[in-house]
$ cat my_file.txt   # compact mmCIF, C-alpha atoms
# COMPACT_ATOMS: atom_id res chain seq x y z
CA MET A 1 139.39 94.27 24.31
CA ILE A 2 141.27 90.98 24.66
CA ASN A 3 143.13 89.87 21.54
CA LEU A 4 144.19 86.22 21.26
CA GLN A 5 146.73 85.24 18.62
CA PRO A 6 146.74 81.54 17.69
CA TYR A 7 149.16 79.36 19.67
CA GLU A 8 151.08 82.38 20.95
CA ASN A 9 151.29 81.29 24.59
CA PRO A 10 150.11 78.48 26.90
CA GLY A 11 147.13 80.57 28.05
CA TYR A 12 145.61 80.33 24.58
CA PHE A 13 145.58 76.53 24.80
CA VAL A 14 143.97 76.56 28.25
CA LEU A 15 141.09 78.71 27.01
CA LEU A 16 140.70 76.72 23.80
CA VAL A 17 140.68 73.30 25.48
CA ILE A 18 138.15 74.50 28.07
CA ALA A 19 135.94 75.80 25.25
CA LEU A 20 136.22 72.49 23.38
CA LEU A 21 135.45 70.26 26.39
CA PRO A 22 131.68 70.04 25.70
CA ALA A 23 132.38 69.08 22.07
CA ILE A 24 134.90 66.46 23.24
CA ILE A 25 132.37 64.97 25.68
CA VAL A 26 129.73 64.81 22.95
CA ARG A 27 132.16 63.03 20.64
CA LEU A 28 133.12 60.56 23.36
CA ASN A 29 129.47 59.57 23.37
CA GLY A 30 129.54 58.73 19.67
CA ALA A 31 127.89 61.92 18.44
CA ARG A 32 128.97 65.42 17.39
CA SER A 33 127.66 68.94 17.65
CA HIS A 34 128.28 71.00 14.53
CA TRP A 35 126.63 74.08 15.97
CA TYR A 36 128.77 74.10 19.13
CA GLU A 37 132.04 73.56 17.24
CA THR A 38 131.01 76.38 14.91
CA LEU A 39 130.29 78.61 17.89
CA VAL A 40 133.73 77.92 19.40
CA SER A 41 135.40 78.63 16.06
CA PHE A 42 133.47 81.87 15.67
CA VAL A 43 134.36 83.06 19.18
CA PHE A 44 138.06 82.38 18.74
CA LEU A 45 138.09 83.95 15.28
CA PHE A 46 136.43 87.00 16.79
CA LEU A 47 139.03 87.15 19.57
CA MET A 48 141.77 86.76 16.96
CA PHE A 49 140.59 89.76 14.95
CA ASP A 50 139.15 92.09 17.60
CA GLY A 51 140.80 94.94 19.46
CA ARG A 52 143.77 96.36 17.60
CA LYS A 53 143.19 93.97 14.69
CA TRP A 54 139.56 94.83 14.04
CA THR A 55 140.42 96.11 10.56
CA GLN A 56 141.75 92.66 9.71
CA GLY A 57 138.48 91.21 10.92
CA VAL A 58 136.53 93.47 8.57
CA ALA A 59 138.91 92.49 5.75
CA LEU A 60 138.32 88.80 6.53
CA ILE A 61 134.55 89.26 6.29
CA GLY A 62 134.84 91.07 2.95
CA TYR A 63 137.30 88.46 1.66
CA THR A 64 135.00 85.60 2.68
CA ILE A 65 132.04 87.14 0.83
CA TRP A 66 134.23 87.65 -2.24
CA GLN A 67 135.52 84.07 -2.32
CA TYR A 68 132.10 82.65 -1.50
CA ALA A 69 130.61 84.36 -4.55
CA ILE A 70 133.42 83.27 -6.88
CA VAL A 71 133.44 79.62 -5.79
CA ALA A 72 129.64 79.34 -5.68
CA LEU A 73 129.21 80.87 -9.13
CA TYR A 74 131.96 78.76 -10.71
CA ILE A 75 130.65 75.51 -9.22
CA ARG A 76 127.17 76.42 -10.40
CA TYR A 77 128.52 77.14 -13.90
CA ARG A 78 130.66 73.99 -14.03
CA THR A 79 128.00 71.60 -12.75
CA LYS A 80 125.01 72.79 -14.76
CA LYS A 81 123.78 70.44 -17.46
CA ASP A 82 125.87 70.55 -20.64
CA SER A 83 128.36 73.00 -19.14
CA PRO A 84 130.84 74.09 -21.87
CA ASN A 85 133.63 74.13 -19.27
CA LYS A 86 135.37 77.01 -21.02
CA PHE A 87 138.99 77.65 -20.10
CA SER A 88 138.37 81.40 -20.09
CA VAL A 89 135.73 81.10 -17.34
CA PHE A 90 138.05 78.90 -15.29
CA PHE A 91 140.99 81.25 -15.87
CA TRP A 92 139.15 84.38 -14.78
CA SER A 93 137.68 82.59 -11.76
CA VAL A 94 141.21 81.75 -10.59
CA VAL A 95 142.40 85.29 -11.34
CA LEU A 96 139.56 86.83 -9.35
CA ALA A 97 140.21 84.42 -6.47
CA ILE A 98 143.86 85.46 -6.21
CA VAL A 99 143.28 89.21 -6.71
CA PRO A 100 142.99 89.98 -2.95
CA LEU A 101 146.20 88.04 -2.16
CA THR A 102 148.04 89.71 -5.05
CA VAL A 103 147.00 93.17 -3.84
CA VAL A 104 148.12 92.32 -0.29
CA LYS A 105 151.47 90.91 -1.44
CA PHE A 106 152.40 93.77 -3.78
CA THR A 107 151.00 96.77 -1.89
CA PRO A 108 154.17 97.17 0.28
CA LEU A 109 156.29 97.19 -2.88
CA PHE A 110 154.44 100.17 -4.35
CA ASP A 111 153.34 101.95 -1.19
CA HIS A 112 156.62 102.52 0.69
CA GLY A 113 156.32 99.37 2.78
CA GLN A 114 152.76 100.01 3.95
CA SER A 115 150.51 96.99 4.46
CA SER A 116 147.30 96.65 2.46
CA ILE A 117 144.07 97.51 4.24
CA ILE A 118 142.50 94.30 2.86
CA GLY A 119 145.18 92.08 4.37
CA PHE A 120 144.66 89.79 7.35
CA LEU A 121 146.36 86.89 9.09
CA GLY A 122 146.05 83.73 6.99
CA ILE A 123 144.95 85.24 3.67
CA SER A 124 147.47 83.11 1.75
CA TYR A 125 146.24 79.81 3.16
CA LEU A 126 142.60 80.70 2.57
CA THR A 127 143.40 81.62 -1.03
CA PHE A 128 145.15 78.29 -1.58
CA LYS A 129 141.97 76.57 -0.39
CA THR A 130 139.62 78.45 -2.72
CA VAL A 131 141.87 78.18 -5.77
CA GLY A 132 142.21 74.45 -5.10
CA MET A 133 138.42 74.15 -5.01
CA ILE A 134 138.06 75.95 -8.34
CA MET A 135 140.66 73.70 -9.97
CA GLU A 136 139.12 70.51 -8.60
CA THR A 137 135.69 71.70 -9.73
CA ARG A 138 137.02 72.19 -13.27
CA ASP A 139 138.42 68.65 -13.15
CA GLY A 140 135.01 67.31 -12.15
CA PHE A 141 135.92 66.19 -8.63
CA ILE A 142 133.66 68.69 -6.84
CA LYS A 143 130.11 68.41 -8.12
CA ASP A 144 128.02 70.52 -5.74
CA PHE A 145 128.27 73.50 -3.46
CA HIS A 146 127.31 73.38 0.22
CA PRO A 147 127.44 76.90 1.70
CA VAL A 148 127.89 75.79 5.32
CA LYS A 149 130.54 73.20 4.51
CA PHE A 150 132.39 75.72 2.36
CA LEU A 151 132.50 78.26 5.20
CA GLN A 152 133.52 75.56 7.69
CA PHE A 153 136.33 74.53 5.35
CA LEU A 154 137.51 78.03 4.50
CA LEU A 155 137.38 79.40 8.06
CA PHE A 156 138.43 76.25 9.93
CA MET A 157 139.79 77.85 13.08
CA PRO A 158 142.78 75.62 13.97
CA THR A 159 144.47 76.10 10.58
CA ILE A 160 143.40 79.59 9.52
CA SER A 161 146.59 81.41 10.54
CA SER A 162 149.40 79.22 9.21
CA GLY A 163 147.98 76.01 7.76
CA PRO A 164 148.35 73.13 7.08
CA ILE A 165 146.52 73.55 3.77
CA ASP A 166 143.68 71.05 3.58
CA ARG A 167 141.73 69.91 0.51
CA TYR A 168 137.95 70.39 0.40
CA ARG A 169 137.01 66.80 -0.48
CA ARG A 170 139.13 65.38 2.32
CA PHE A 171 137.81 67.92 4.85
CA GLU A 172 134.20 67.30 3.78
CA LYS A 173 134.50 63.61 4.64
CA ASP A 174 135.73 64.44 8.14
CA TYR A 175 133.04 67.07 8.57
CA ASP A 176 130.26 64.62 7.70
CA ARG A 177 131.43 61.57 9.65
CA VAL A 178 130.64 60.64 13.24
CA LEU A 179 133.40 58.60 14.88
CA THR A 180 132.82 55.76 17.28
CA ARG A 181 134.05 56.29 20.83
CA GLU A 182 137.05 54.02 20.22
CA LYS A 183 138.13 55.74 17.01
CA TYR A 184 137.67 59.19 18.50
CA LEU A 185 139.67 58.23 21.61
CA ASP A 186 142.51 57.12 19.32
CA LEU A 187 142.35 60.39 17.36
CA LEU A 188 142.09 62.41 20.58
CA GLY A 189 145.19 60.67 21.93
CA LYS A 190 147.11 61.53 18.78
CA GLY A 191 145.96 65.12 19.08
CA VAL A 192 147.18 65.42 22.67
CA ASP A 193 150.53 63.84 21.73
CA ARG A 194 150.93 66.34 18.91
CA LEU A 195 150.13 69.24 21.21
CA PHE A 196 152.83 68.20 23.67
CA LEU A 197 155.35 67.65 20.88
CA GLY A 198 154.41 71.07 19.50
CA PHE A 199 155.05 72.61 22.93
CA PHE A 200 158.50 71.01 22.99
CA TYR A 201 159.28 72.19 19.46
CA LYS A 202 158.05 75.78 19.68
CA PHE A 203 158.41 76.80 23.31
CA ILE A 204 161.62 74.92 24.14
CA MET A 205 163.65 74.14 21.00
CA GLY A 206 162.38 77.18 19.12
CA TYR A 207 163.23 79.38 22.10
CA ILE A 208 166.73 77.91 22.41
CA PHE A 209 167.62 78.41 18.75
CA GLY A 210 165.58 81.54 18.01
CA THR A 211 165.92 83.55 21.21
CA MET A 212 169.01 82.30 23.02
CA LEU A 213 171.43 81.43 20.20
CA LEU A 214 170.41 83.19 16.98
CA PRO A 215 170.66 86.86 18.12
CA ASN A 216 174.12 86.24 19.56
CA MET A 217 175.29 84.56 16.33
CA GLU A 218 173.90 87.43 14.25
CA ARG A 219 175.64 90.02 16.42
CA GLN A 220 178.98 88.20 16.11
CA ALA A 221 178.56 87.84 12.34
CA MET A 222 177.90 91.57 11.98
CA GLN A 223 181.00 92.33 14.03
CA ALA A 224 183.11 89.95 11.93
CA ARG A 225 182.41 91.73 8.64
CA GLY A 226 185.34 92.71 6.48
CA GLY A 227 186.56 89.56 4.75
CA PHE A 228 185.54 88.05 1.41
CA LEU A 229 181.76 88.47 1.16
CA ASP A 230 181.80 89.07 4.92
CA LEU A 231 182.09 85.31 5.43
CA SER A 232 182.86 84.14 8.95
CA TRP A 233 182.30 81.24 11.33
CA PRO A 234 179.57 83.16 13.19
CA LEU A 235 177.76 83.42 9.84
CA VAL A 236 177.83 79.63 9.65
CA GLY A 237 176.34 79.63 13.14
CA VAL A 238 173.58 81.95 11.93
CA MET A 239 172.85 79.55 9.09
CA TYR A 240 172.39 76.53 11.35
CA CYS A 241 170.63 78.37 14.19
CA TYR A 242 168.12 80.00 11.87
CA SER A 243 167.44 76.71 10.07
CA MET A 244 166.75 74.94 13.36
CA TYR A 245 164.63 77.82 14.63
CA LEU A 246 162.59 77.91 11.42
CA PHE A 247 161.91 74.19 11.61
CA PHE A 248 161.02 73.97 15.30
CA ASP A 249 158.90 77.12 15.28
CA PHE A 250 156.91 76.29 12.16
CA ALA A 251 156.68 72.56 12.86
CA GLY A 252 155.45 73.46 16.35
CA TYR A 253 152.71 75.67 14.92
CA SER A 254 151.71 72.93 12.50
CA LEU A 255 151.54 70.34 15.26
CA PHE A 256 149.32 72.68 17.30
CA ALA A 257 146.94 73.08 14.35
CA VAL A 258 146.83 69.34 13.64
CA GLY A 259 146.44 68.49 17.34
CA ILE A 260 143.50 70.88 17.84
CA SER A 261 141.96 69.61 14.58
CA ASN A 262 142.20 66.06 15.90
CA MET A 263 140.42 67.08 19.09
CA MET A 264 137.65 68.42 16.85
CA GLY A 265 137.49 65.12 14.95
CA VAL A 266 139.27 66.38 11.84
CA GLU A 267 142.39 64.61 10.57
CA THR A 268 144.14 67.64 9.12
CA PRO A 269 147.18 66.42 7.10
CA MET A 270 150.62 66.67 8.67
CA ASN A 271 153.04 69.29 7.40
CA PHE A 272 156.42 67.74 8.25
CA ASN A 273 157.82 64.23 7.93
CA TYR A 274 161.42 64.15 9.24
CA PRO A 275 162.75 66.60 6.62
CA TRP A 276 166.31 66.51 7.95
CA ILE A 277 166.82 62.91 6.81
CA SER A 278 166.05 63.74 3.17
CA HIS A 279 168.37 62.12 0.62
CA ASN A 280 168.05 64.92 -1.93
CA ILE A 281 166.14 68.14 -2.55
CA LYS A 282 163.18 66.34 -4.15
CA ASP A 283 162.89 64.11 -1.11
CA PHE A 284 163.09 67.23 1.08
CA TRP A 285 160.11 68.87 -0.61
CA ASN A 286 158.13 65.68 -0.05
CA ARG A 287 158.81 66.08 3.68
CA TRP A 288 158.93 69.84 4.35
CA HIS A 289 155.75 71.95 4.58
CA MET A 290 154.15 69.11 2.69
CA THR A 291 150.69 70.61 2.24
CA LEU A 292 152.20 73.71 0.62
CA SER A 293 154.70 71.82 -1.56
CA PHE A 294 152.01 69.34 -2.69
CA TRP A 295 149.66 72.24 -3.45
CA PHE A 296 152.27 73.94 -5.63
CA ARG A 297 153.14 70.60 -7.24
CA ASP A 298 149.54 69.64 -8.07
CA TYR A 299 148.09 73.01 -9.01
CA ILE A 300 151.05 74.79 -10.63
CA TYR A 301 153.84 72.41 -11.68
CA MET A 302 151.73 69.49 -12.93
CA ARG A 303 149.24 71.76 -14.71
CA PHE A 304 152.05 73.70 -16.37
CA VAL A 305 153.70 70.49 -17.58
CA PHE A 306 150.38 69.07 -18.83
CA PHE A 307 149.51 72.34 -20.59
CA ILE A 308 152.86 72.51 -22.43
CA MET A 309 152.72 68.84 -23.42
CA LYS A 310 149.08 69.08 -24.55
CA HIS A 311 149.83 71.99 -26.89
CA LYS A 312 153.17 70.44 -27.95
CA TRP A 313 155.01 73.73 -27.56
CA ILE A 314 158.11 71.92 -26.32
CA LYS A 315 158.87 68.29 -27.13
CA ASN A 316 161.74 67.60 -24.74
CA ARG A 317 160.30 66.43 -21.42
CA VAL A 318 163.43 67.32 -19.49
CA THR A 319 163.20 70.90 -20.72
CA ILE A 320 159.53 71.05 -19.79
CA ALA A 321 160.28 69.73 -16.28
CA ASN A 322 163.10 72.24 -15.81
CA LEU A 323 160.92 75.16 -16.91
CA GLY A 324 158.27 73.86 -14.53
CA TYR A 325 160.75 73.96 -11.65
CA LEU A 326 161.75 77.52 -12.50
CA LEU A 327 158.12 78.64 -12.66
CA LEU A 328 157.18 76.77 -9.50
CA PHE A 329 159.95 78.09 -7.28
CA MET A 330 159.86 81.60 -8.70
CA ILE A 331 156.19 81.80 -7.74
CA MET A 332 156.95 80.29 -4.35
CA GLY A 333 159.73 82.82 -3.80
CA VAL A 334 157.60 85.81 -4.81
CA TRP A 335 154.77 84.48 -2.64
CA HIS A 336 157.03 84.79 0.40
CA GLY A 337 157.89 88.37 -0.55
CA GLU A 338 159.14 90.65 -3.32
CA THR A 339 162.64 91.15 -1.87
CA TRP A 340 165.72 89.89 -3.67
CA TYR A 341 166.52 87.18 -1.16
CA TYR A 342 163.15 85.46 -1.52
CA ILE A 343 163.54 85.48 -5.29
CA VAL A 344 167.11 84.15 -5.04
CA TYR A 345 165.85 81.52 -2.60
CA GLY A 346 163.34 80.36 -5.22
CA LEU A 347 165.92 80.36 -8.02
CA PHE A 348 168.36 78.46 -5.80
CA HIS A 349 165.85 75.67 -5.14
CA ALA A 350 164.87 75.51 -8.81
CA THR A 351 168.53 75.17 -9.78
CA VAL A 352 169.18 72.45 -7.21
CA MET A 353 166.04 70.58 -8.35
CA ILE A 354 167.24 70.71 -11.98
CA LEU A 355 170.70 69.48 -10.98
CA THR A 356 169.20 66.74 -8.81
CA ASP A 357 167.09 65.47 -11.70
CA ALA A 358 170.16 65.48 -13.95
CA TRP A 359 172.15 63.56 -11.33
CA ILE A 360 169.38 60.96 -10.93
CA ARG A 361 169.25 60.43 -14.71
CA PHE A 362 173.03 60.12 -14.83
CA LYS A 363 173.07 57.53 -12.03
CA ARG A 364 170.40 55.45 -13.76
CA LYS A 365 172.59 55.23 -16.85
CA HIS A 366 175.64 54.27 -14.77
CA LYS A 367 174.19 52.06 -12.05
CA ASP A 368 177.32 49.98 -11.60
CA ALA A 369 179.56 53.02 -11.04
CA PHE A 370 177.73 54.33 -7.97
CA PRO A 371 177.23 52.05 -4.98
CA SER A 372 174.22 52.43 -2.72
CA ASN A 373 174.94 51.66 0.93
CA HIS A 374 174.64 53.18 4.38
CA PHE A 375 177.73 55.33 3.85
CA THR A 376 176.56 56.85 0.54
CA LYS A 377 173.09 57.44 2.00
CA ALA A 378 174.63 59.22 5.01
CA ILE A 379 176.70 61.41 2.67
CA ALA A 380 173.56 62.24 0.65
CA ILE A 381 171.66 63.22 3.81
CA LEU A 382 174.57 65.36 5.02
CA LEU A 383 174.91 67.17 1.67
CA THR A 384 171.17 67.74 1.47
CA PHE A 385 171.02 69.03 5.03
CA ASN A 386 173.75 71.61 4.41
CA THR A 387 172.27 72.63 1.06
CA ILE A 388 168.91 73.27 2.73
CA CYS A 389 170.49 75.19 5.60
CA PHE A 390 172.32 77.41 3.12
CA SER A 391 169.05 78.09 1.30
CA PHE A 392 167.45 79.05 4.62
CA LEU A 393 170.29 81.49 5.26
CA ILE A 394 169.29 83.18 2.00
CA PHE A 395 165.63 82.99 2.99
CA SER A 396 166.25 84.54 6.41
CA GLY A 397 167.18 87.93 4.94
CA PHE A 398 170.23 88.15 7.19
CA LEU A 399 172.54 88.44 4.17
CA ASP A 400 170.62 91.56 3.19
CA ARG A 401 171.46 93.11 6.56
CA LEU A 402 175.03 91.80 6.46
CA TRP A 403 175.86 93.13 3.01
CA PHE A 404 173.71 96.21 2.50
CA ARG A 405 173.03 97.80 5.89
$ encode --input "my_file.txt" --output "structure tokens"
Amino acid sequence: MINLQPYENPGYFVLLVIALLPAIIVRLNGARSHWYETLVSFVFLFLMFDGRKWTQGVALIGYTIWQYAIVALYIRYRTKKDSPNKFSVFFWSVVLAIVPLTVVKFTPLFDHGQSSIIGFLGISYLTFKTVGMIMETRDGFIKDFHPVKFLQFLLFMPTISSGPIDRYRRFEKDYDRVLTREKYLDLLGKGVDRLFLGFFYKFIMGYIFGTMLLPNMERQAMQARGGFLDLSWPLVGVMYCYSMYLFFDFAGYSLFAVGISNMMGVETPMNFNYPWISHNIKDFWNRWHMTLSFWFRDYIYMRFVFFIMKHKWIKNRVTIANLGYLLLFMIMGVWHGETWYYIVYGLFHATVMILTDAWIRFKRKHKDAFPSNHFTKAIAILLTFNTICFSFLIFSGFLDRLWFR
């Protein structure tokens, strides 16, 4: 049978836009058709997980039932009258929600590189959604459970494979509202613009850096081995080519997801905001893969800091923040994979974050000694850009091939 992978080629967009045309026409008339949009989503999810990927489709169904039960039961527990809101119930709800992802992530490590039979495309992003719902329910922000809205949110077709990671309360507002013709036309125009920009990013710039330049740079770097740490100018080329490829490919995917969401009347949050003009590493993480970095910030870093401060285990706030960075980026590194270079990538970013905070505190105490002008800002952007590119060289795994194979 036909198997369509999201945003893989222009043909996918042709079929998807044709399928969405009736929904677009309905919206242009100031209405919306939930059932038709659901039907389109179901068909494209089916085509995504049929054929050779039918086992992933079965895994997705089982996963959805699992998460549905956990979220529904926790919301019911948390919102019942005089709920004790026990930490243990919250804790085990989160643990159970991340069990499938944990099994999928660690199975290759213990099973000679074999993938887990319960894995499927997008399991990480779906898990982020459900864990976020549990945490917001504990905080009292989500007060009821709507089965249909939950499934629409969890299995939202444009973002299921690679994000962006939406929040339930924000998505629910978009799901419930009916836009006027004028507002929908504006959103539709933005969606089309984002699709064309995504085409330029992924299919042109991503192709140039990822297909035309990167393999050649990698081949030259492998041939130039022999010096100190096998360093060479082609290796520098690999660093920059991979960084550009990673950005244009992933930003392209994100623009596709946001553009299709806009066509469906949903304002899915953007994932990138000019990350290459960041002034420091903290600024970078406020611009790069924003929905992921904000998720980790809100649900891991901030909760860790609050927990430590609440129990007064550590009094020094700088120490708490630094431990939070180490925890945050170690988890982020392991989430990408259990290989040494992902872990080093996480430790590298944690270290740079700690040093950046120290530098910012130092500058505040010595304001007169450090001028702030266009030149110093340009230097900061240049240093940040090269620091990020070096971290992406680690992330790429090419050093593993260069040094150990």
$ residues_around --input "my_file.txt" --residues "Gly265 of chain A" --least-positions-apart "5" --cutoff "10 Å" --atoms "only C-alpha atoms" --output "MDAnalysis selection string"
chainID A and resid 23:24 27 32 174:175 177:179 183:185 187:188 191 259:260
$ closest_residue --input "my_file.txt" --among "A:Asp283, A:Asp50, A:Glu218, A:Asp368" --to "Phe120 of chain A" --atoms "all atoms listed in the file"
A:Asp50
$ closest_residue --input "my_file.txt" --among "A:Thr180, A:Gln220, A:Phe392, A:Ser261" --to "Ala31 of chain A" --atoms "all atoms listed in the file"
A:Thr180
$ atom_distance --input "my_file.txt" --atom1 "atom CA of Asn280 of chain A" --atom2 "atom CA of Arg303 of chain A"
23.7 Å
$ closest_atom_pairs --input "my_file.txt" --of "segment 244-358 of chain A" --to "segment 235-239 of chain A" --cutoff "12 Å" --atoms "all atoms listed in the file" --output "tab-separated table"
residue	atom	partner	partner_atom	distance
A:Met244	CA	A:Met239	CA	8.8
A:Tyr245	CA	A:Met239	CA	10.1
A:Leu246	CA	A:Met239	CA	10.6
$ closest_residue --input "my_file.txt" --among "A:Lys310, A:Lys282, A:Arg181, A:Lys129" --to "Thr159 of chain A" --atoms "only C-alpha atoms"
A:Lys129
$ residues_near_point --input "my_file.txt" --point "(152.4, 69.4, 9.3)" --cutoff "7 Å" --atoms "all atoms listed in the file" --output "PyMOL selection string"
chain A and resi 164+251+254-255+269-272+289-290
$ closest_residue --input "my_file.txt" --among "A:Phe145, A:Phe91, A:Met330, A:Met157" --to "Gly122 of chain A" --atoms "only C-alpha atoms"
A:Met157
$ closest_residue --input "my_file.txt" --among "A:Pro10, A:Gly206, A:Gly119, A:Gly397" --to "Phe106 of chain A" --atoms "only C-alpha atoms"
A:Gly119
$ residues_near_point --input "my_file.txt" --point "(162.1, 77.2, -9.8)" --cutoff "7 Å" --atoms "only C-alpha atoms" --output "PDB file with C-alpha atoms, in the frame of the given file"
ATOM      1  CA  GLY A 324     158.270  73.860 -14.530  1.00  0.00           C
ATOM      2  CA  TYR A 325     160.750  73.960 -11.650  1.00  0.00           C
ATOM      3  CA  LEU A 326     161.750  77.520 -12.500  1.00  0.00           C
ATOM      4  CA  LEU A 327     158.120  78.640 -12.660  1.00  0.00           C
ATOM      5  CA  LEU A 328     157.180  76.770  -9.500  1.00  0.00           C
ATOM      6  CA  PHE A 329     159.950  78.090  -7.280  1.00  0.00           C
ATOM      7  CA  MET A 330     159.860  81.600  -8.700  1.00  0.00           C
ATOM      8  CA  GLY A 346     163.340  80.360  -5.220  1.00  0.00           C
ATOM      9  CA  LEU A 347     165.920  80.360  -8.020  1.00  0.00           C
ATOM     10  CA  HIS A 349     165.850  75.670  -5.140  1.00  0.00           C
ATOM     11  CA  ALA A 350     164.870  75.510  -8.810  1.00  0.00           C
ATOM     12  CA  THR A 351     168.530  75.170  -9.780  1.00  0.00           C
TER      13      THR A 351
END
$ closest_residue --input "my_file.txt" --among "A:Asn373, A:Thr127, A:Gln223, A:Asn262" --to "Gly189 of chain A" --atoms "all atoms listed in the file"
A:Asn262
$ atom_distance --input "my_file.txt" --atom1 "atom CA of Phe395 of chain A" --atom2 "atom CA of Phe348 of chain A"
10.3 Å
$ axis_aligned_box --input "my_file.txt" --around "segment 336-355 of chain A" --padding-each-side "8 Å" --output "AutoDock Vina command-line options"
--center_x 163.9 --center_y 80.3 --center_z -5.8 --size_x 29.7 --size_y 37.7 --size_z 28.4
$ decode --input "my_file.txt" --residues "segment 365-377 of chain A" --atoms "N, CA, C and O atoms" --output "compact mmCIF listing (two decimals), in the first residue's frame"
# COMPACT_ATOMS: atom_id res chain seq x y z
N LYS A 365 28.14 43.69 37.94
CA LYS A 365 28.91 44.29 39.01
C LYS A 365 29.95 45.29 38.49
O LYS A 365 30.47 46.11 39.26
N HIS A 366 30.27 45.19 37.20
CA HIS A 366 31.29 46.05 36.61
C HIS A 366 30.76 46.69 35.33
O HIS A 366 31.33 46.55 34.25
N LYS A 367 29.63 47.38 35.46
CA LYS A 367 28.96 47.95 34.29
C LYS A 367 29.84 48.93 33.52
O LYS A 367 29.84 48.95 32.29
N ASP A 368 30.60 49.73 34.23
CA ASP A 368 31.40 50.76 33.57
C ASP A 368 32.59 50.18 32.80
O ASP A 368 33.14 50.85 31.92
N ALA A 369 32.99 48.96 33.11
CA ALA A 369 34.18 48.38 32.48
C ALA A 369 33.88 47.74 31.13
O ALA A 369 34.81 47.48 30.35
N PHE A 370 32.62 47.50 30.84
CA PHE A 370 32.27 46.78 29.60
C PHE A 370 31.25 47.58 28.79
O PHE A 370 30.08 47.66 29.17
N PRO A 371 31.70 48.20 27.72
CA PRO A 371 30.79 49.00 26.89
C PRO A 371 29.79 48.12 26.14
O PRO A 371 30.06 46.94 25.88
N SER A 372 28.65 48.68 25.84
CA SER A 372 27.64 47.98 25.05
C SER A 372 27.34 48.82 23.81
O SER A 372 26.73 49.89 23.91
N ASN A 373 27.80 48.33 22.67
CA ASN A 373 27.59 49.05 21.41
C ASN A 373 27.44 48.04 20.29
O ASN A 373 27.43 46.82 20.52
N HIS A 374 27.33 48.54 19.06
CA HIS A 374 27.13 47.65 17.93
C HIS A 374 28.30 46.68 17.75
O HIS A 374 28.11 45.52 17.37
N PHE A 375 29.50 47.15 18.03
CA PHE A 375 30.68 46.31 17.85
C PHE A 375 30.68 45.15 18.86
O PHE A 375 30.88 43.99 18.48
N THR A 376 30.43 45.47 20.15
CA THR A 376 30.44 44.41 21.16
C THR A 376 29.29 43.43 20.94
O THR A 376 29.43 42.23 21.18
N LYS A 377 28.15 43.93 20.46
CA LYS A 377 27.02 43.04 20.17
C LYS A 377 27.35 42.11 19.00
O LYS A 377 26.99 40.93 19.01
